[in-house]
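Shown next: protein-v2.pdb, given as PDB, C-alpha atoms, pLDDT in the B column.
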ATOM      1  CA  MET B   1       0.000   0.000   0.000  1.00 68.00           C
ATOM      2  CA  TRP B   2       2.829   2.369   0.837  1.00 73.00           C
ATOM      3  CA  ARG B   3       4.310   1.742  -2.605  1.00 73.00           C
ATOM      4  CA  VAL B   4       1.154   2.936  -4.361  1.00 74.00           C
ATOM      5  CA  CYS B   5       0.944   6.016  -2.125  1.00 82.00           C
ATOM      6  CA  ARG B   6       4.568   6.827  -2.862  1.00 84.00           C
ATOM      7  CA  PHE B   7       3.917   6.623  -6.611  1.00 81.00           C
ATOM      8  CA  LEU B   8       0.830   8.831  -6.221  1.00 84.00           C
ATOM      9  CA  VAL B   9       2.809  11.496  -4.351  1.00 87.00           C
ATOM     10  CA  ILE B  10       5.618  11.432  -6.924  1.00 86.00           C
ATOM     11  CA  ALA B  11       3.077  11.663  -9.743  1.00 87.00           C
ATOM     12  CA  ALA B  12       1.276  14.586  -8.099  1.00 89.00           C
ATOM     13  CA  VAL B  13       4.517  16.507  -7.584  1.00 91.00           C
ATOM     14  CA  LEU B  14       5.741  15.920 -11.132  1.00 89.00           C
ATOM     15  CA  ILE B  15       2.408  16.738 -12.762  1.00 89.00           C
ATOM     16  CA  GLY B  16       1.978  19.841 -10.604  1.00 90.00           C
ATOM     17  CA  ALA B  17       5.486  21.075 -11.391  1.00 89.00           C
ATOM     18  CA  GLY B  18       4.952  20.385 -15.075  1.00 89.00           C
ATOM     19  CA  TRP B  19       1.699  22.300 -15.223  1.00 88.00           C
ATOM     20  CA  TYR B  20       3.238  25.185 -13.288  1.00 88.00           C
ATOM     21  CA  VAL B  21       6.136  25.392 -15.737  1.00 85.00           C
ATOM     22  CA  LEU B  22       3.778  25.158 -18.708  1.00 83.00           C
ATOM     23  CA  VAL B  23       1.437  27.863 -17.445  1.00 83.00           C
ATOM     24  CA  ARG B  24       4.231  30.128 -16.252  1.00 82.00           C
ATOM     25  CA  PHE B  25       6.442  30.087 -19.332  1.00 78.00           C
ATOM     26  CA  ALA B  26       4.292  28.924 -22.240  1.00 73.00           C
ATOM     27  CA  GLY B  27       1.390  31.219 -21.596  1.00 71.00           C
ATOM     28  CA  ASN B  28       1.493  34.954 -21.987  1.00 72.00           C
ATOM     29  CA  LEU B  29       4.237  35.581 -24.560  1.00 74.00           C
ATOM     30  CA  PRO B  30       3.929  39.089 -26.054  1.00 75.00           C
ATOM     31  CA  GLU B  31       3.611  39.652 -29.799  1.00 80.00           C
ATOM     32  CA  ASP B  32       6.915  41.529 -30.019  1.00 83.00           C
ATOM     33  CA  ALA B  33       8.929  38.882 -28.152  1.00 81.00           C
ATOM     34  CA  THR B  34      12.501  38.400 -29.256  1.00 85.00           C
ATOM     35  CA  ASP B  35      13.800  35.129 -30.601  1.00 85.00           C
ATOM     36  CA  ASP B  36      15.625  34.465 -27.321  1.00 87.00           C
ATOM     37  CA  GLU B  37      12.400  34.848 -25.343  1.00 84.00           C
ATOM     38  CA  LYS B  38      10.576  32.545 -27.754  1.00 83.00           C
ATOM     39  CA  LEU B  39      13.330  29.942 -27.462  1.00 86.00           C
ATOM     40  CA  LYS B  40      13.269  30.176 -23.667  1.00 85.00           C
ATOM     41  CA  SER B  41       9.494  29.719 -23.714  1.00 85.00           C
ATOM     42  CA  LEU B  42       9.806  26.721 -26.033  1.00 85.00           C
ATOM     43  CA  LEU B  43      12.480  25.040 -23.912  1.00 88.00           C
ATOM     44  CA  PHE B  44      10.531  25.541 -20.685  1.00 86.00           C
ATOM     45  CA  SER B  45       7.405  24.224 -22.406  1.00 87.00           C
ATOM     46  CA  MET B  46       9.288  21.080 -23.365  1.00 89.00           C
ATOM     47  CA  LEU B  47      10.530  20.749 -19.790  1.00 89.00           C
ATOM     48  CA  GLY B  48       6.954  21.061 -18.528  1.00 88.00           C
ATOM     49  CA  ILE B  49       5.796  18.376 -20.950  1.00 90.00           C
ATOM     50  CA  VAL B  50       8.595  16.075 -19.752  1.00 91.00           C
ATOM     51  CA  PHE B  51       7.515  16.636 -16.125  1.00 90.00           C
ATOM     52  CA  VAL B  52       3.875  15.882 -16.925  1.00 90.00           C
ATOM     53  CA  ALA B  53       4.840  12.757 -18.900  1.00 91.00           C
ATOM     54  CA  GLY B  54       7.061  11.576 -16.035  1.00 89.00           C
ATOM     55  CA  GLY B  55       4.239  12.143 -13.584  1.00 89.00           C
ATOM     56  CA  MET B  56       1.841  10.159 -15.737  1.00 88.00           C
ATOM     57  CA  ALA B  57       4.394   7.337 -15.995  1.00 87.00           C
ATOM     58  CA  ALA B  58       4.793   7.320 -12.202  1.00 84.00           C
ATOM     59  CA  LEU B  59       1.012   7.257 -11.871  1.00 83.00           C
ATOM     60  CA  LEU B  60       0.598   4.300 -14.229  1.00 84.00           C
ATOM     61  CA  TRP B  61       3.632   2.288 -13.059  1.00 79.00           C
ATOM     62  CA  PRO B  62       1.848   0.355 -10.247  1.00 76.00           C
ATOM     63  CA  PHE B  63      -0.940  -0.651 -12.618  1.00 78.00           C
ATOM     64  CA  ALA B  64       1.518  -1.960 -15.211  1.00 80.00           C
ATOM     65  CA  GLY B  65       2.467  -4.812 -12.872  1.00 77.00           C
ATOM     66  CA  VAL B  66      -1.160  -5.801 -12.394  1.00 77.00           C
ATOM     67  CA  ILE B  67      -1.885  -5.774 -16.120  1.00 80.00           C
ATOM     68  CA  GLY B  68       1.374  -7.574 -16.884  1.00 79.00           C
ATOM     69  CA  SER B  69       0.696 -10.317 -14.345  1.00 78.00           C
ATOM     70  CA  TYR B  70      -2.748 -10.861 -15.884  1.00 78.00           C
ATOM     71  CA  PHE B  71      -1.291 -11.464 -19.341  1.00 78.00           C
ATOM     72  CA  GLU B  72       1.532 -13.523 -17.852  1.00 77.00           C
ATOM     73  CA  GLY B  73      -1.051 -15.786 -16.226  1.00 74.00           C
ATOM     74  CA  LEU B  74      -2.830 -16.182 -19.549  1.00 76.00           C
ATOM     75  CA  PHE B  75       0.176 -17.400 -21.474  1.00 75.00           C
ATOM     76  CA  TRP B  76       2.420 -19.112 -18.903  1.00 70.00           C
ATOM     77  CA  ALA B  77       1.788 -21.772 -16.308  1.00 63.00           C
ATOM     78  CA  LYS B  78       1.141 -20.697 -12.738  1.00 65.00           C
ATOM     79  CA  GLY B  79       3.873 -22.918 -11.298  1.00 59.00           C
ATOM     80  CA  GLY B  80       6.679 -21.126 -13.093  1.00 56.00           C
ATOM     81  CA  ALA B  81       8.712 -22.336 -16.038  1.00 60.00           C
ATOM     82  CA  ALA B  82       8.100 -25.931 -17.023  1.00 62.00           C
ATOM     83  CA  ALA B  83      11.018 -28.283 -17.490  1.00 65.00           C
ATOM     84  CA  ALA B  84      12.019 -28.718 -21.104  1.00 64.00           C
ATOM     85  CA  PRO B  85      11.445 -32.174 -22.537  1.00 67.00           C
ATOM     86  CA  PRO B  86      14.572 -34.264 -23.180  1.00 72.00           C
ATOM     87  CA  MET B  87      16.033 -33.883 -26.654  1.00 73.00           C
ATOM     88  CA  TYR B  88      16.896 -37.585 -27.347  1.00 74.00           C
TER      89      TYR B  88
END

Rendering of file as structure tokens:
Amino acid sequence: MWRVCRFLVIAAVLIGAGWYVLVRFAGNLPEDATDDEKLKSLLFSMLGIVFVAGGMAALLWPFAGVIGSYFEGLFWAKGGAAAAPPMY
């Protein structure tokens, strides 16, 4: 349970930081902005997108194990790997 809560906290921090960076730097860019200001806005927007994507990955990580174990149970035996038959 603590593991899921830890992933939720990490996801909330990353998504919140990403949205803050996106709103702060990608938003109100004036019409007469210089190329340096536009580049700075673009780079911070990319950083915000990376933060949001990392937060979403941290949010979905605990569920990936559940989904993976379901498909693993469909295709492989429950007792682990079966012994290979003799090749003679």

Tell me, in Å to one decimal, how far atom CA of Gly18 of chain B is from atom CA of Leu59 of chain B.
14.1 Å

Within 12 Å of Leu42 of chain B, counting all atoms listed in the file, which residues show up once you throw out same-chain ones fewer than 2 positions away? Write them as an NGL selection string, please.
:B and (21-22 or 24-27 or 29 or 35-40 or 44-49)

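The closest residue to Arg3 of chain B, picked from B:Gly54, B:Pro86, B:Pro62, B:Gly16 and counting all atoms listed in the file, is B:Pro62.
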
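The residue that comes closest to Trp19 of chain B, out of B:Phe51, B:Ala58, B:Gly68, B:Gly73 and on the basis of all atoms listed in the file, is B:Phe51.
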
Could you state the separation of atom CA of Ala12 of chain B and atom CA of Val66 of chain B in Å, given to one decimal place?
21.0 Å

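Across the structure, atom CA of Ser41 of chain B and atom CA of Ala17 of chain B are spaced 15.6 Å apart.
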
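Considering all atoms listed in the file, the residue among B:Trp61, B:Gly55, B:Phe71, B:Met87 positioned nearest to Ala11 of chain B is B:Gly55.
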
Write a file for segment 7-39 of chain B of the given structure; include C-alpha atoms and format it as a CSV table (one decimal), in the first residue's frame.
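File selection_18.csv, as written:
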chain,number,residue,atom,x,y,z
B,7,PHE,CA,3.9,6.6,-6.6
B,8,LEU,CA,0.8,8.8,-6.2
B,9,VAL,CA,2.8,11.5,-4.4
B,10,ILE,CA,5.6,11.4,-6.9
B,11,ALA,CA,3.1,11.7,-9.7
B,12,ALA,CA,1.3,14.6,-8.1
B,13,VAL,CA,4.5,16.5,-7.6
B,14,LEU,CA,5.7,15.9,-11.1
B,15,ILE,CA,2.4,16.7,-12.8
B,16,GLY,CA,2.0,19.8,-10.6
B,17,ALA,CA,5.5,21.1,-11.4
B,18,GLY,CA,5.0,20.4,-15.1
B,19,TRP,CA,1.7,22.3,-15.2
B,20,TYR,CA,3.2,25.2,-13.3
B,21,VAL,CA,6.1,25.4,-15.7
B,22,LEU,CA,3.8,25.2,-18.7
B,23,VAL,CA,1.4,27.9,-17.4
B,24,ARG,CA,4.2,30.1,-16.3
B,25,PHE,CA,6.4,30.1,-19.3
B,26,ALA,CA,4.3,28.9,-22.2
B,27,GLY,CA,1.4,31.2,-21.6
B,28,ASN,CA,1.5,35.0,-22.0
B,29,LEU,CA,4.2,35.6,-24.6
B,30,PRO,CA,3.9,39.1,-26.1
B,31,GLU,CA,3.6,39.7,-29.8
B,32,ASP,CA,6.9,41.5,-30.0
B,33,ALA,CA,8.9,38.9,-28.2
B,34,THR,CA,12.5,38.4,-29.3
B,35,ASP,CA,13.8,35.1,-30.6
B,36,ASP,CA,15.6,34.5,-27.3
B,37,GLU,CA,12.4,34.8,-25.3
B,38,LYS,CA,10.6,32.5,-27.8
B,39,LEU,CA,13.3,29.9,-27.5
